[in-house]
>>> print(open('upload05.txt').read())   # compact mmCIF, C-alpha atoms and all ligand atoms
# COMPACT_ATOMS: atom_id res chain seq x y z
CA MET Q 694 78.19 -41.97 10.56
CA ILE Q 695 75.56 -40.82 13.04
CA PRO Q 696 72.85 -43.49 12.90
CA PHE Q 697 69.17 -42.64 12.84
CA ASN Q 698 68.44 -44.79 15.87
CA ILE Q 699 70.31 -46.73 18.55
CA PRO Q 700 68.04 -48.88 20.74
CA PRO Q 701 68.51 -47.98 24.40
CA PHE Q 702 70.47 -50.31 26.66
CA VAL Q 703 70.33 -48.58 29.99
CA GLY Q 704 70.79 -50.64 33.08
CA LYS Q 705 69.70 -53.98 34.38
CA GLU Q 706 68.65 -55.66 31.13
CA LEU Q 707 71.26 -58.43 31.30
CA GLU Q 708 70.91 -58.88 35.04
CA TYR Q 709 67.17 -59.41 34.68
CA ILE Q 710 67.55 -61.77 31.73
CA GLU Q 711 70.02 -63.83 33.81
CA LYS Q 712 67.49 -63.89 36.63
CA ALA Q 713 64.75 -65.14 34.32
CA ILE Q 714 67.09 -67.92 33.21
CA ALA Q 715 68.01 -68.74 36.79
CA TYR Q 716 64.33 -68.92 37.74
CA ARG Q 717 63.94 -71.57 35.01
CA LYS Q 718 61.01 -69.57 33.72
CA ILE Q 719 61.58 -68.22 30.25
CA SER Q 720 58.19 -68.73 28.59
CA GLY Q 721 55.54 -66.04 29.05
CA ASP Q 722 53.66 -64.66 32.05
CA GLY Q 723 56.28 -65.09 34.74
CA GLU Q 724 57.51 -62.57 37.27
CA PHE Q 725 58.97 -60.11 34.76
CA THR Q 726 55.83 -59.95 32.66
CA ALA Q 727 53.80 -59.35 35.83
CA LYS Q 728 56.15 -56.53 36.86
CA CYS Q 729 55.89 -54.87 33.45
CA SER Q 730 52.08 -55.02 33.68
CA ALA Q 731 52.26 -53.57 37.20
CA TRP Q 732 54.33 -50.69 35.82
CA PHE Q 733 51.52 -49.96 33.37
CA ASP Q 734 48.90 -50.17 36.13
CA GLU Q 735 50.82 -47.61 38.14
CA LYS Q 736 52.08 -45.24 35.45
CA ILE Q 737 49.51 -45.45 32.66
CA GLY Q 738 46.34 -46.73 34.29
CA GLY Q 739 43.46 -48.52 32.61
CA GLU Q 740 41.67 -51.63 33.84
CA LYS Q 741 44.16 -54.24 32.66
CA THR Q 742 47.39 -54.40 30.68
CA LEU Q 743 48.52 -57.52 28.85
CA LEU Q 744 52.02 -57.65 27.42
CA THR Q 745 52.05 -58.81 23.82
CA THR Q 746 54.64 -59.87 21.28
CA SER Q 747 54.22 -56.57 19.40
CA CYS Q 748 51.96 -53.57 18.96
CA THR Q 749 50.82 -55.26 15.76
CA HIS Q 750 49.55 -58.16 17.87
CA ALA Q 751 47.97 -55.82 20.42
CA LEU Q 752 46.05 -54.26 17.51
CA ASP Q 753 45.12 -57.74 16.24
CA MET Q 754 43.75 -58.60 19.67
CA ALA Q 755 41.79 -55.35 19.85
CA ALA Q 756 40.22 -56.08 16.45
CA ILE Q 757 39.17 -59.55 17.65
CA LEU Q 758 37.79 -58.16 20.92
CA CYS Q 759 35.69 -55.61 18.99
CA ASP Q 760 34.20 -58.54 17.03
CA ILE Q 761 35.18 -56.95 13.74
CA GLU Q 762 33.61 -59.01 10.96
CA GLN Q 763 33.57 -59.28 7.18
CA GLY Q 764 32.16 -56.08 5.71
CA ASP Q 765 32.60 -53.89 8.79
CA GLU Q 766 34.23 -50.53 8.30
CA VAL Q 767 37.02 -49.05 10.41
CA ILE Q 768 38.14 -45.44 10.18
CA MET Q 769 41.79 -44.41 10.53
CA PRO Q 770 44.34 -42.03 8.99
CA SER Q 771 46.05 -42.98 5.74
CA TYR Q 772 49.26 -41.60 7.18
CA THR Q 773 50.19 -44.48 9.50
CA PHE Q 774 52.12 -47.71 9.77
CA VAL Q 775 50.64 -50.73 8.00
CA SER Q 776 49.83 -52.60 11.23
CA THR Q 777 47.10 -50.11 12.12
CA ALA Q 778 45.19 -51.30 9.04
CA ASN Q 779 46.30 -54.95 8.85
CA ALA Q 780 44.74 -55.83 12.20
CA PHE Q 781 41.29 -55.01 10.84
CA VAL Q 782 41.90 -56.29 7.31
CA LEU Q 783 42.68 -59.68 8.86
CA ARG Q 784 39.15 -59.68 10.34
CA GLY Q 785 37.63 -58.86 6.94
CA ALA Q 786 37.03 -55.17 7.51
CA LYS Q 787 37.14 -52.45 4.91
CA ILE Q 788 39.51 -49.66 5.88
CA ILE Q 789 38.18 -46.13 5.54
CA LEU Q 790 41.01 -43.65 5.43
CA VAL Q 791 40.73 -39.97 6.19
CA ASP Q 792 43.09 -37.05 5.73
CA ILE Q 793 45.43 -35.68 8.40
CA ARG Q 794 45.82 -32.25 9.93
CA PRO Q 795 48.99 -30.66 8.60
CA ASP Q 796 49.95 -29.20 11.99
CA THR Q 797 50.25 -32.47 13.99
CA MET Q 798 50.13 -35.02 11.15
CA ASN Q 799 47.33 -36.72 13.10
CA MET Q 800 43.98 -37.83 11.70
CA ASP Q 801 41.74 -34.78 11.26
CA GLU Q 802 39.02 -35.32 13.87
CA ASN Q 803 36.65 -33.12 11.89
CA LEU Q 804 36.64 -35.55 8.96
CA ILE Q 805 35.58 -38.63 10.92
CA GLU Q 806 31.86 -38.10 11.18
CA ALA Q 807 31.29 -37.74 7.43
CA ALA Q 808 33.10 -41.07 6.90
CA ILE Q 809 30.74 -43.00 9.19
CA THR Q 810 28.17 -45.37 7.65
CA ASN Q 811 25.89 -47.97 9.24
CA LYS Q 812 28.76 -50.46 8.76
CA THR Q 813 31.28 -48.47 10.78
CA LYS Q 814 32.41 -50.35 13.87
CA ALA Q 815 35.54 -48.58 15.11
CA VAL Q 816 37.82 -45.60 14.80
CA VAL Q 817 41.58 -45.86 15.27
CA PRO Q 818 43.37 -42.64 16.20
CA VAL Q 819 47.15 -42.87 15.79
CA HIS Q 820 49.14 -40.56 18.08
CA TYR Q 821 51.80 -39.68 15.55
CA ALA Q 822 55.23 -38.76 16.94
CA GLY Q 823 53.82 -39.20 20.45
CA VAL Q 824 51.54 -36.20 19.97
CA SER Q 825 47.97 -37.03 20.96
CA CYS Q 826 44.99 -36.89 18.62
CA GLU Q 827 42.00 -34.74 19.62
CA MET Q 828 40.51 -37.38 21.85
CA ASP Q 829 37.56 -35.46 23.31
CA THR Q 830 36.13 -34.87 19.85
CA ILE Q 831 36.91 -38.43 18.73
CA ASN Q 832 35.32 -39.97 21.85
CA ASP Q 833 32.21 -37.80 21.48
CA ILE Q 834 31.73 -38.95 17.88
CA ALA Q 835 32.36 -42.58 18.86
CA LYS Q 836 29.84 -42.40 21.67
CA LYS Q 837 27.21 -40.83 19.45
CA HIS Q 838 27.62 -43.53 16.77
CA ASN Q 839 28.37 -46.42 19.11
CA LEU Q 840 31.90 -47.07 17.82
CA PHE Q 841 34.91 -48.61 19.49
CA VAL Q 842 37.93 -46.37 19.93
CA ILE Q 843 41.27 -48.16 19.60
CA GLU Q 844 44.26 -45.93 20.18
CA ASP Q 845 47.36 -46.80 18.22
CA ALA Q 846 49.65 -45.50 20.95
CA ALA Q 847 52.72 -47.30 19.54
CA GLN Q 848 54.67 -44.02 19.65
CA ALA Q 849 52.91 -42.43 22.61
CA LEU Q 850 54.07 -44.12 25.81
CA THR Q 851 53.68 -41.51 28.61
CA SER Q 852 52.33 -38.86 26.21
CA LYS Q 853 49.38 -36.93 27.53
CA TYR Q 854 46.14 -35.38 26.32
CA LYS Q 855 44.83 -32.72 28.70
CA GLY Q 856 46.86 -34.30 31.48
CA LYS Q 857 45.58 -37.83 30.80
CA ASN Q 858 47.74 -40.66 29.49
CA CYS Q 859 47.52 -41.72 25.89
CA GLY Q 860 46.45 -45.35 25.58
CA VAL Q 861 43.70 -45.15 28.22
CA LEU Q 862 41.56 -42.53 26.51
CA GLY Q 863 39.44 -44.92 24.42
CA ASP Q 864 38.41 -48.58 24.75
CA PHE Q 865 41.80 -50.09 23.90
CA GLY Q 866 45.34 -48.74 23.80
CA CYS Q 867 48.09 -50.46 21.83
CA PHE Q 868 51.77 -49.84 22.63
CA SER Q 869 54.98 -50.91 20.94
CA PHE Q 870 58.39 -51.84 22.35
CA HIS Q 871 59.98 -52.32 18.96
CA GLU Q 872 63.62 -51.22 18.97
CA THR Q 873 62.74 -47.96 17.22
CA LYS Q 874 60.41 -46.84 20.02
CA ASN Q 875 61.38 -44.86 23.16
CA ILE Q 876 61.30 -47.94 25.39
CA SER Q 877 62.07 -51.24 23.75
CA CYS Q 878 62.79 -54.94 24.10
CA GLY Q 879 63.51 -55.74 20.46
CA GLU Q 880 60.00 -56.81 19.56
CA GLY Q 881 57.18 -56.36 22.04
CA GLY Q 882 53.97 -54.56 22.81
CA ALA Q 883 51.10 -54.11 25.22
CA LEU Q 884 47.33 -54.05 25.05
CA VAL Q 885 45.66 -51.84 27.63
CA MET Q 886 41.93 -52.23 28.23
CA THR Q 887 40.02 -49.45 29.92
CA GLY Q 888 36.89 -51.51 30.72
CA LYS Q 889 36.40 -54.79 32.58
CA GLU Q 890 34.21 -56.35 29.89
CA HIS Q 891 37.01 -57.46 27.56
CA VAL Q 892 39.56 -58.69 30.07
CA GLU Q 893 38.55 -62.33 30.34
CA ARG Q 894 38.27 -62.87 26.59
CA ALA Q 895 41.52 -60.99 26.00
CA GLU Q 896 43.38 -63.41 28.26
CA ILE Q 897 41.90 -66.34 26.34
CA ILE Q 898 42.71 -64.96 22.89
CA ARG Q 899 46.27 -64.28 23.98
CA GLU Q 900 46.69 -67.86 25.28
CA LYS Q 901 45.80 -69.75 22.09
CA GLY Q 902 42.08 -69.64 22.82
CA THR Q 903 42.45 -71.44 26.14
CA ASN Q 904 41.57 -70.43 29.70
CA ARG Q 905 45.13 -71.15 30.83
CA SER Q 906 45.48 -67.77 32.60
CA LYS Q 907 42.60 -68.73 34.89
CA PHE Q 908 44.20 -72.12 35.45
CA PHE Q 909 47.53 -70.51 36.46
CA ARG Q 910 45.68 -68.35 38.96
CA GLY Q 911 44.14 -71.49 40.43
CA GLU Q 912 40.60 -70.46 39.48
CA ILE Q 913 39.93 -73.69 37.55
CA ASP Q 914 41.53 -77.15 37.86
CA LYS Q 915 42.24 -77.77 34.16
CA TYR Q 916 42.41 -75.60 31.09
CA SER Q 917 40.95 -76.23 27.68
CA TRP Q 918 40.09 -74.73 24.30
CA VAL Q 919 37.26 -72.24 24.81
CA ASP Q 920 37.53 -69.73 21.94
CA PHE Q 921 39.67 -69.00 18.92
CA GLY Q 922 42.96 -67.32 19.61
CA SER Q 923 46.67 -67.27 19.00
CA SER Q 924 49.93 -66.92 20.90
CA TYR Q 925 50.33 -63.25 21.74
CA LEU Q 926 52.37 -63.45 24.94
CA PRO Q 927 56.05 -62.53 24.94
CA SER Q 928 58.81 -64.64 26.49
CA GLU Q 929 60.10 -63.74 29.94
CA LEU Q 930 63.46 -62.93 28.33
CA ASN Q 931 61.82 -60.05 26.47
CA ALA Q 932 59.84 -58.98 29.53
CA ALA Q 933 63.04 -58.98 31.62
CA TYR Q 934 64.76 -56.69 29.13
CA LEU Q 935 61.67 -54.51 28.99
CA LEU Q 936 61.33 -54.17 32.76
CA ALA Q 937 64.88 -52.79 33.02
CA GLN Q 938 63.89 -50.10 30.53
CA LEU Q 939 60.52 -49.30 32.07
CA GLU Q 940 62.23 -48.76 35.42
CA LEU Q 941 64.33 -46.06 33.79
CA ALA Q 942 61.57 -44.65 31.60
CA ASP Q 943 61.79 -41.20 33.17
CA SER Q 944 65.47 -40.78 32.42
CA ILE Q 945 65.10 -42.20 28.90
CA MET Q 946 62.29 -39.76 28.13
CA LYS Q 947 64.21 -36.87 29.72
CA ASP Q 948 67.31 -37.58 27.67
CA ARG Q 949 65.26 -37.71 24.45
CA MET Q 950 63.46 -34.52 25.40
CA ALA Q 951 66.79 -32.72 25.81
CA SER Q 952 67.70 -33.64 22.23
CA TRP Q 953 64.24 -32.72 20.97
CA ASN Q 954 64.43 -29.31 22.65
CA TYR Q 955 67.93 -28.77 21.36
CA TYR Q 956 66.80 -29.36 17.76
CA ASN Q 957 63.74 -27.23 18.23
CA GLU Q 958 65.65 -24.26 19.60
CA ALA Q 959 68.59 -24.51 17.22
CA LEU Q 960 66.37 -24.72 14.13
CA THR Q 961 63.80 -22.08 15.03
CA PHE Q 962 65.69 -19.42 13.08
CA LEU Q 963 65.29 -21.48 9.89
CA LYS Q 964 61.60 -21.75 10.58
CA LYS Q 965 61.44 -17.97 11.01
CA LYS Q 966 63.20 -17.60 7.67
CA GLY Q 967 60.39 -19.68 6.21
CA VAL Q 968 62.65 -22.37 4.68
CA LEU Q 969 61.40 -25.28 6.75
CA GLU Q 970 58.72 -26.23 9.26
CA LEU Q 971 59.14 -27.72 12.72
CA PRO Q 972 56.79 -29.96 14.75
CA HIS Q 973 53.79 -28.26 16.32
CA ILE Q 974 52.75 -29.30 19.83
CA PRO Q 975 49.33 -27.90 20.81
CA SER Q 976 49.49 -26.44 24.32
CA HIS Q 977 47.02 -28.91 25.88
CA LEU Q 978 49.24 -31.87 24.91
CA GLU Q 979 52.44 -33.29 26.36
CA HIS Q 980 54.55 -35.32 23.96
CA ASN Q 981 57.25 -37.88 24.78
CA ALA Q 982 60.00 -36.78 22.39
CA HIS Q 983 59.47 -39.84 20.24
CA MET Q 984 60.37 -38.08 17.05
CA PHE Q 985 61.92 -34.89 15.76
CA TYR Q 986 61.05 -34.08 12.18
CA ILE Q 987 61.40 -31.14 9.90
CA LYS Q 988 59.32 -30.44 6.84
CA ALA Q 989 61.24 -29.36 3.77
CA GLU Q 990 59.65 -27.18 1.10
CA ASN Q 991 58.84 -30.14 -1.14
CA LEU Q 992 59.91 -33.64 -2.17
CA ALA Q 993 62.76 -32.43 -4.37
CA VAL Q 994 64.29 -30.36 -1.56
CA ARG Q 995 63.88 -33.24 0.88
CA THR Q 996 65.67 -35.62 -1.49
CA LYS Q 997 68.60 -33.20 -1.79
CA LEU Q 998 68.64 -32.67 1.96
CA ILE Q 999 68.84 -36.40 2.66
CA SER Q 1000 71.90 -36.75 0.41
CA HIS Q 1001 73.49 -33.63 1.85
CA LEU Q 1002 73.09 -35.01 5.37
CA LYS Q 1003 74.41 -38.39 4.27
CA GLU Q 1004 77.52 -36.73 2.87
CA LYS Q 1005 77.96 -35.13 6.28
CA GLY Q 1006 77.64 -38.50 7.96
CA VAL Q 1007 74.08 -38.08 9.19
CA TYR Q 1008 71.35 -40.63 8.56
CA SER Q 1009 67.89 -39.12 8.28
CA VAL Q 1010 64.79 -41.06 7.30
CA PHE Q 1011 61.21 -40.54 6.17
CA HIS Q 1012 57.96 -42.51 6.29
CA TYR Q 1013 55.09 -43.41 5.62
CA ILE Q 1014 53.94 -44.16 2.09
CA PRO Q 1015 50.24 -43.24 2.56
CA LEU Q 1016 48.24 -46.45 2.88
CA HIS Q 1017 45.77 -45.61 0.13
CA THR Q 1018 48.57 -45.32 -2.43
CA ALA Q 1019 50.15 -48.67 -1.56
CA VAL Q 1020 49.41 -51.93 -3.42
CA ALA Q 1021 47.52 -53.49 -0.50
CA GLY Q 1022 45.85 -50.19 0.26
CA GLU Q 1023 44.23 -50.16 -3.15
CA LYS Q 1024 42.77 -53.56 -2.37
CA TYR Q 1025 41.67 -53.15 1.23
CA SER Q 1026 41.02 -49.47 1.77
CA VAL Q 1027 39.28 -46.43 0.39
CA PHE Q 1028 40.19 -42.82 1.00
CA HIS Q 1029 37.15 -40.90 2.13
CA GLY Q 1030 37.16 -37.31 0.96
CA GLU Q 1031 40.07 -35.52 -0.59
CA ASP Q 1032 43.76 -36.19 0.03
CA ILE Q 1033 44.74 -32.59 0.65
CA TYR Q 1034 47.53 -33.11 3.18
CA THR Q 1035 48.39 -36.81 3.58
CA THR Q 1036 50.52 -37.22 0.45
CA ALA Q 1037 51.79 -33.66 0.21
CA GLU Q 1038 52.91 -33.44 3.85
CA SER Q 1039 54.37 -36.96 3.98
CA GLU Q 1040 56.60 -36.10 1.02
CA ARG Q 1041 58.11 -33.14 2.91
CA LEU Q 1042 58.72 -34.80 6.24
CA LEU Q 1043 62.21 -35.84 7.33
CA ARG Q 1044 63.12 -37.41 10.69
CA LEU Q 1045 66.41 -36.49 12.33
CA PRO Q 1046 68.42 -38.93 14.49
CA LEU Q 1047 66.86 -39.11 17.94
CA TYR Q 1048 67.77 -41.70 20.51
CA TYR Q 1049 68.73 -42.12 24.14
CA GLY Q 1050 72.33 -41.02 24.55
CA LEU Q 1051 72.59 -38.86 21.42
CA THR Q 1052 75.62 -36.76 22.30
CA ASN Q 1053 75.84 -33.00 22.30
CA THR Q 1054 78.67 -33.17 19.75
CA ASP Q 1055 76.53 -35.24 17.41
CA ARG Q 1056 73.49 -32.99 17.88
CA GLU Q 1057 75.59 -29.96 17.04
CA HIS Q 1058 76.99 -31.65 13.98
CA ILE Q 1059 73.51 -32.58 12.78
CA VAL Q 1060 72.18 -29.05 13.27
CA ASN Q 1061 75.26 -27.50 11.64
CA SER Q 1062 74.92 -29.80 8.64
CA LEU Q 1063 71.29 -28.79 8.27
CA CYS Q 1064 72.06 -25.10 8.59
CA GLU Q 1065 74.81 -25.42 6.04
CA PHE Q 1066 72.30 -26.85 3.56
CA TYR Q 1067 70.02 -23.85 3.99
CA THR Q 1068 72.47 -21.02 4.49
CA GLY Q 1069 75.42 -22.32 2.43
C1 LIG V 1 55.79 -49.08 15.48
C2 LIG V 1 54.37 -48.90 15.16
C3 LIG V 1 53.48 -49.97 15.07
C4 LIG V 1 53.92 -51.42 15.11
O1 LIG V 1 54.58 -51.76 16.28
P1 LIG V 1 55.25 -53.22 16.40
O2 LIG V 1 55.51 -53.35 17.85
O3 LIG V 1 56.50 -53.17 15.57
O4 LIG V 1 54.28 -54.21 15.89
C5 LIG V 1 52.14 -49.72 14.84
N1 LIG V 1 51.69 -48.47 14.69
C6 LIG V 1 52.51 -47.40 14.75
C7 LIG V 1 51.95 -46.03 14.60
C8 LIG V 1 53.88 -47.59 14.96
O5 LIG V 1 54.70 -46.52 15.01
>>> encode(input="upload05.txt", output="structure tokens")
Amino acid sequence: MIPFNIPPFVGKELEYIEKAIAYRKISGDGEFTAKCSAWFDEKIGGEKTLLTTSCTHALDMAAILCDIEQGDEVIMPSYTFVSTANAFVLRGAKIILVDIRPDTMNMDENLIEAAITNKTKAVVPVHYAGVSCEMDTINDIAKKHNLFVIEDAAQALTSKYKGKNCGVLGDFGCFSFHETKNISCGEGGALVMTGKEHVERAEIIREKGTNRSKFFRGEIDKYSWVDFGSSYLPSELNAAYLLAQLELADSIMKDRMASWNYYNEALTFLKKKGVLELPHIPSHLEHNAHMFYIKAENLAVRTKLISHLKEKGVYSVFHYIPLHTAVAGEKYSVFHGEDIYTTAESERLLRLPLYYGLTNTDREHIVNSLCEFYTG
């Protein structure tokens, strides 16, 4: 069987983990964590990057830093992973969901303004498949209505919008290093802040509500409980694994891009025949080959296609169940406007295997199996 995903294991992961052990420093915020943050400073930018235990936790921290309170409203797409919403639900917010654009599967920026009320505090663009949302429009609306912009950049490490990195286009950027993402350490994430004003509190929230980070830097002589918080810092073992991957980010992305381009070229004739759709990348965006999906004609065809591929030894997967149709979604969210594309498009979408090291033989087999389904 060709799996859907194999987490990358590319170079010095074990060497660095052994080093962390040898240094007798395996809890958080040691040398490896610092080096991962430095990588972000250099390659992504922003004012400050804090490694976290997951993107979910980076989103949680962003929600706390925005002072989201009971009754506040937060706007996001319904077509996203549950963590995008949970972070704000945990603070007592009501989630306002809007429809997506069918071309990129991203939140439709033209639907945001009508969803704003005097309770709206933040908007959360999700860069689906590593393809950026329309950030100029989103930032203009946010500025006009005094809203925070929190980018869910879980899938968008090194993706670009008009030449600028995703994750540093709003107030906060949240990244994921879950094993299904381009760069991973099992479970991990990062919170990038673009302004100075949140940095001090972010360090406190991440360290159980204490000013321990200041203490470690020698800025104070003892640390104590100064705010509420939790434990959002990853172990050095995770950071060591992550650093080895970040160092080879370029080659990991390049390898994925080769597979992405292969799929795109090999399947274009089926698109021309009108039997399926392929991802659309607007020309002012650069994606990071996080995902290659096709869109089948409808749910019934997709279901048949999944079993056909399985018979051929190919695992393909789909996601997400739109948040507003889920059990928790009914409780915590409302869909603003009409669901024209979210449900319909999500039911057609199918992700093909895409991972670092996907071989040419396997790619060919996957494409041939797909073609066989359509052309017999
Ligand atoms: C993966 C993902 C997350 C969650 O990331 P974790 O690191 O697993 O918490 C959040 N949002 C989106 C869009 C994701 O793809």
>>> residues_around(input="upload05.txt", residues="Thr746 (chain Q)", least_positions_apart="6", cutoff="9 Å", atoms="all atoms listed in the file", output="count of residues only")
12
>>> residues_near_ligand(input="upload05.txt", ligand="ligand LIG 1 (chain V)", cutoff="9 Å", atoms="all atoms listed in the file", output="MDAnalysis selection string")
chainID Q and resid 745:752 773:777 819:822 845:849 867:874 879:883
>>> write_last_selection(input="upload05.txt", atoms="C-alpha atoms", output="PDB file, in the coordinates of the input")
ATOM      1  CA  THR Q 745      52.050 -58.810  23.820  1.00  0.00           C
ATOM      2  CA  THR Q 746      54.640 -59.870  21.280  1.00  0.00           C
ATOM      3  CA  SER Q 747      54.220 -56.570  19.400  1.00  0.00           C
ATOM      4  CA  CYS Q 748      51.960 -53.570  18.960  1.00  0.00           C
ATOM      5  CA  THR Q 749      50.820 -55.260  15.760  1.00  0.00           C
ATOM      6  CA  HIS Q 750      49.550 -58.160  17.870  1.00  0.00           C
ATOM      7  CA  ALA Q 751      47.970 -55.820  20.420  1.00  0.00           C
ATOM      8  CA  LEU Q 752      46.050 -54.260  17.510  1.00  0.00           C
ATOM      9  CA  THR Q 773      50.190 -44.480   9.500  1.00  0.00           C
ATOM     10  CA  PHE Q 774      52.120 -47.710   9.770  1.00  0.00           C
ATOM     11  CA  VAL Q 775      50.640 -50.730   8.000  1.00  0.00           C
ATOM     12  CA  SER Q 776      49.830 -52.600  11.230  1.00  0.00           C
ATOM     13  CA  THR Q 777      47.100 -50.110  12.120  1.00  0.00           C
ATOM     14  CA  VAL Q 819      47.150 -42.870  15.790  1.00  0.00           C
ATOM     15  CA  HIS Q 820      49.140 -40.560  18.080  1.00  0.00           C
ATOM     16  CA  TYR Q 821      51.800 -39.680  15.550  1.00  0.00           C
ATOM     17  CA  ALA Q 822      55.230 -38.760  16.940  1.00  0.00           C
ATOM     18  CA  ASP Q 845      47.360 -46.800  18.220  1.00  0.00           C
ATOM     19  CA  ALA Q 846      49.650 -45.500  20.950  1.00  0.00           C
ATOM     20  CA  ALA Q 847      52.720 -47.300  19.540  1.00  0.00           C
ATOM     21  CA  GLN Q 848      54.670 -44.020  19.650  1.00  0.00           C
ATOM     22  CA  ALA Q 849      52.910 -42.430  22.610  1.00  0.00           C
ATOM     23  CA  CYS Q 867      48.090 -50.460  21.830  1.00  0.00           C
ATOM     24  CA  PHE Q 868      51.770 -49.840  22.630  1.00  0.00           C
ATOM     25  CA  SER Q 869      54.980 -50.910  20.940  1.00  0.00           C
ATOM     26  CA  PHE Q 870      58.390 -51.840  22.350  1.00  0.00           C
ATOM     27  CA  HIS Q 871      59.980 -52.320  18.960  1.00  0.00           C
ATOM     28  CA  GLU Q 872      63.620 -51.220  18.970  1.00  0.00           C
ATOM     29  CA  THR Q 873      62.740 -47.960  17.220  1.00  0.00           C
ATOM     30  CA  LYS Q 874      60.410 -46.840  20.020  1.00  0.00           C
ATOM     31  CA  GLY Q 879      63.510 -55.740  20.460  1.00  0.00           C
ATOM     32  CA  GLU Q 880      60.000 -56.810  19.560  1.00  0.00           C
ATOM     33  CA  GLY Q 881      57.180 -56.360  22.040  1.00  0.00           C
ATOM     34  CA  GLY Q 882      53.970 -54.560  22.810  1.00  0.00           C
ATOM     35  CA  ALA Q 883      51.100 -54.110  25.220  1.00  0.00           C
TER      36      ALA Q 883
END
>>> closest_residue(input="upload05.txt", among="Q:Lys837, Q:Lys718, Q:Lys1005, Q:His1017", to="Val791 (chain Q)", atoms="only C-alpha atoms")
Q:His1017
>>> residues_around(input="upload05.txt", residues="Val767 (chain Q)", least_positions_apart="4", cutoff="10 Å", atoms="all atoms listed in the file", output="list in words")
Ala756, Ile761, Ala778, Phe781, Val782, Ala786, Lys787, Ile788, Ile789, Leu790, Ala808, Ile809, Thr810, Lys812, Thr813, Lys814, Ala815, Val816, Val817, Leu840, Phe841, Val842 and Ser1026 of chain Q
>>> closest_residue(input="upload05.txt", among="Q:Phe909, Q:Ile793, Q:Ala755, Q:Ile831", to="Tyr772 (chain Q)", atoms="only C-alpha atoms")
Q:Ile793
>>> residues_around(input="upload05.txt", residues="Asn1053 (chain Q)", least_positions_apart="3", cutoff="10 Å", atoms="only C-alpha atoms", output="list in words")
Ala951, Ser952, Tyr955, Gly1050, Arg1056, Glu1057, His1058 and Ile1059 of chain Q
>>> decode(input="upload05.txt", residues="region 748-761 of chain Q", atoms="N, CA and C atoms", output="PDB file, in the first residue's frame")
ATOM      1  N   CYS Q 748       0.119  23.610  17.255  1.00  0.00           N
ATOM      2  CA  CYS Q 748      -0.527  24.789  16.677  1.00  0.00           C
ATOM      3  C   CYS Q 748      -1.794  25.094  17.462  1.00  0.00           C
ATOM      4  N   THR Q 749      -2.456  24.048  17.926  1.00  0.00           N
ATOM      5  CA  THR Q 749      -3.639  24.228  18.768  1.00  0.00           C
ATOM      6  C   THR Q 749      -3.299  25.133  19.944  1.00  0.00           C
ATOM      7  N   HIS Q 750      -2.174  24.864  20.598  1.00  0.00           N
ATOM      8  CA  HIS Q 750      -1.763  25.680  21.744  1.00  0.00           C
ATOM      9  C   HIS Q 750      -1.307  27.080  21.332  1.00  0.00           C
ATOM     10  N   ALA Q 751      -0.725  27.204  20.165  1.00  0.00           N
ATOM     11  CA  ALA Q 751      -0.368  28.545  19.672  1.00  0.00           C
ATOM     12  C   ALA Q 751      -1.650  29.368  19.470  1.00  0.00           C
ATOM     13  N   LEU Q 752      -2.689  28.721  18.937  1.00  0.00           N
ATOM     14  CA  LEU Q 752      -3.982  29.396  18.761  1.00  0.00           C
ATOM     15  C   LEU Q 752      -4.596  29.746  20.117  1.00  0.00           C
ATOM     16  N   ASP Q 753      -4.488  28.819  21.069  1.00  0.00           N
ATOM     17  CA  ASP Q 753      -4.987  29.086  22.431  1.00  0.00           C
ATOM     18  C   ASP Q 753      -4.307  30.325  23.009  1.00  0.00           C
ATOM     19  N   MET Q 754      -2.996  30.384  22.840  1.00  0.00           N
ATOM     20  CA  MET Q 754      -2.244  31.530  23.371  1.00  0.00           C
ATOM     21  C   MET Q 754      -2.675  32.830  22.687  1.00  0.00           C
ATOM     22  N   ALA Q 755      -2.857  32.763  21.375  1.00  0.00           N
ATOM     23  CA  ALA Q 755      -3.284  33.962  20.637  1.00  0.00           C
ATOM     24  C   ALA Q 755      -4.641  34.443  21.150  1.00  0.00           C
ATOM     25  N   ALA Q 756      -5.545  33.504  21.413  1.00  0.00           N
ATOM     26  CA  ALA Q 756      -6.884  33.874  21.908  1.00  0.00           C
ATOM     27  C   ALA Q 756      -6.780  34.547  23.276  1.00  0.00           C
ATOM     28  N   ILE Q 757      -5.891  34.044  24.122  1.00  0.00           N
ATOM     29  CA  ILE Q 757      -5.684  34.664  25.445  1.00  0.00           C
ATOM     30  C   ILE Q 757      -5.097  36.062  25.273  1.00  0.00           C
ATOM     31  N   LEU Q 758      -4.097  36.171  24.392  1.00  0.00           N
ATOM     32  CA  LEU Q 758      -3.411  37.459  24.210  1.00  0.00           C
ATOM     33  C   LEU Q 758      -4.339  38.526  23.615  1.00  0.00           C
ATOM     34  N   CYS Q 759      -5.351  38.092  22.863  1.00  0.00           N
ATOM     35  CA  CYS Q 759      -6.330  39.044  22.318  1.00  0.00           C
ATOM     36  C   CYS Q 759      -7.393  39.386  23.352  1.00  0.00           C
ATOM     37  N   ASP Q 760      -7.279  38.826  24.554  1.00  0.00           N
ATOM     38  CA  ASP Q 760      -8.270  39.066  25.623  1.00  0.00           C
ATOM     39  C   ASP Q 760      -9.680  38.723  25.181  1.00  0.00           C
ATOM     40  N   ILE Q 761      -9.807  37.618  24.474  1.00  0.00           N
ATOM     41  CA  ILE Q 761     -11.142  37.167  24.055  1.00  0.00           C
ATOM     42  C   ILE Q 761     -11.932  36.802  25.307  1.00  0.00           C
TER      43      ILE Q 761
END
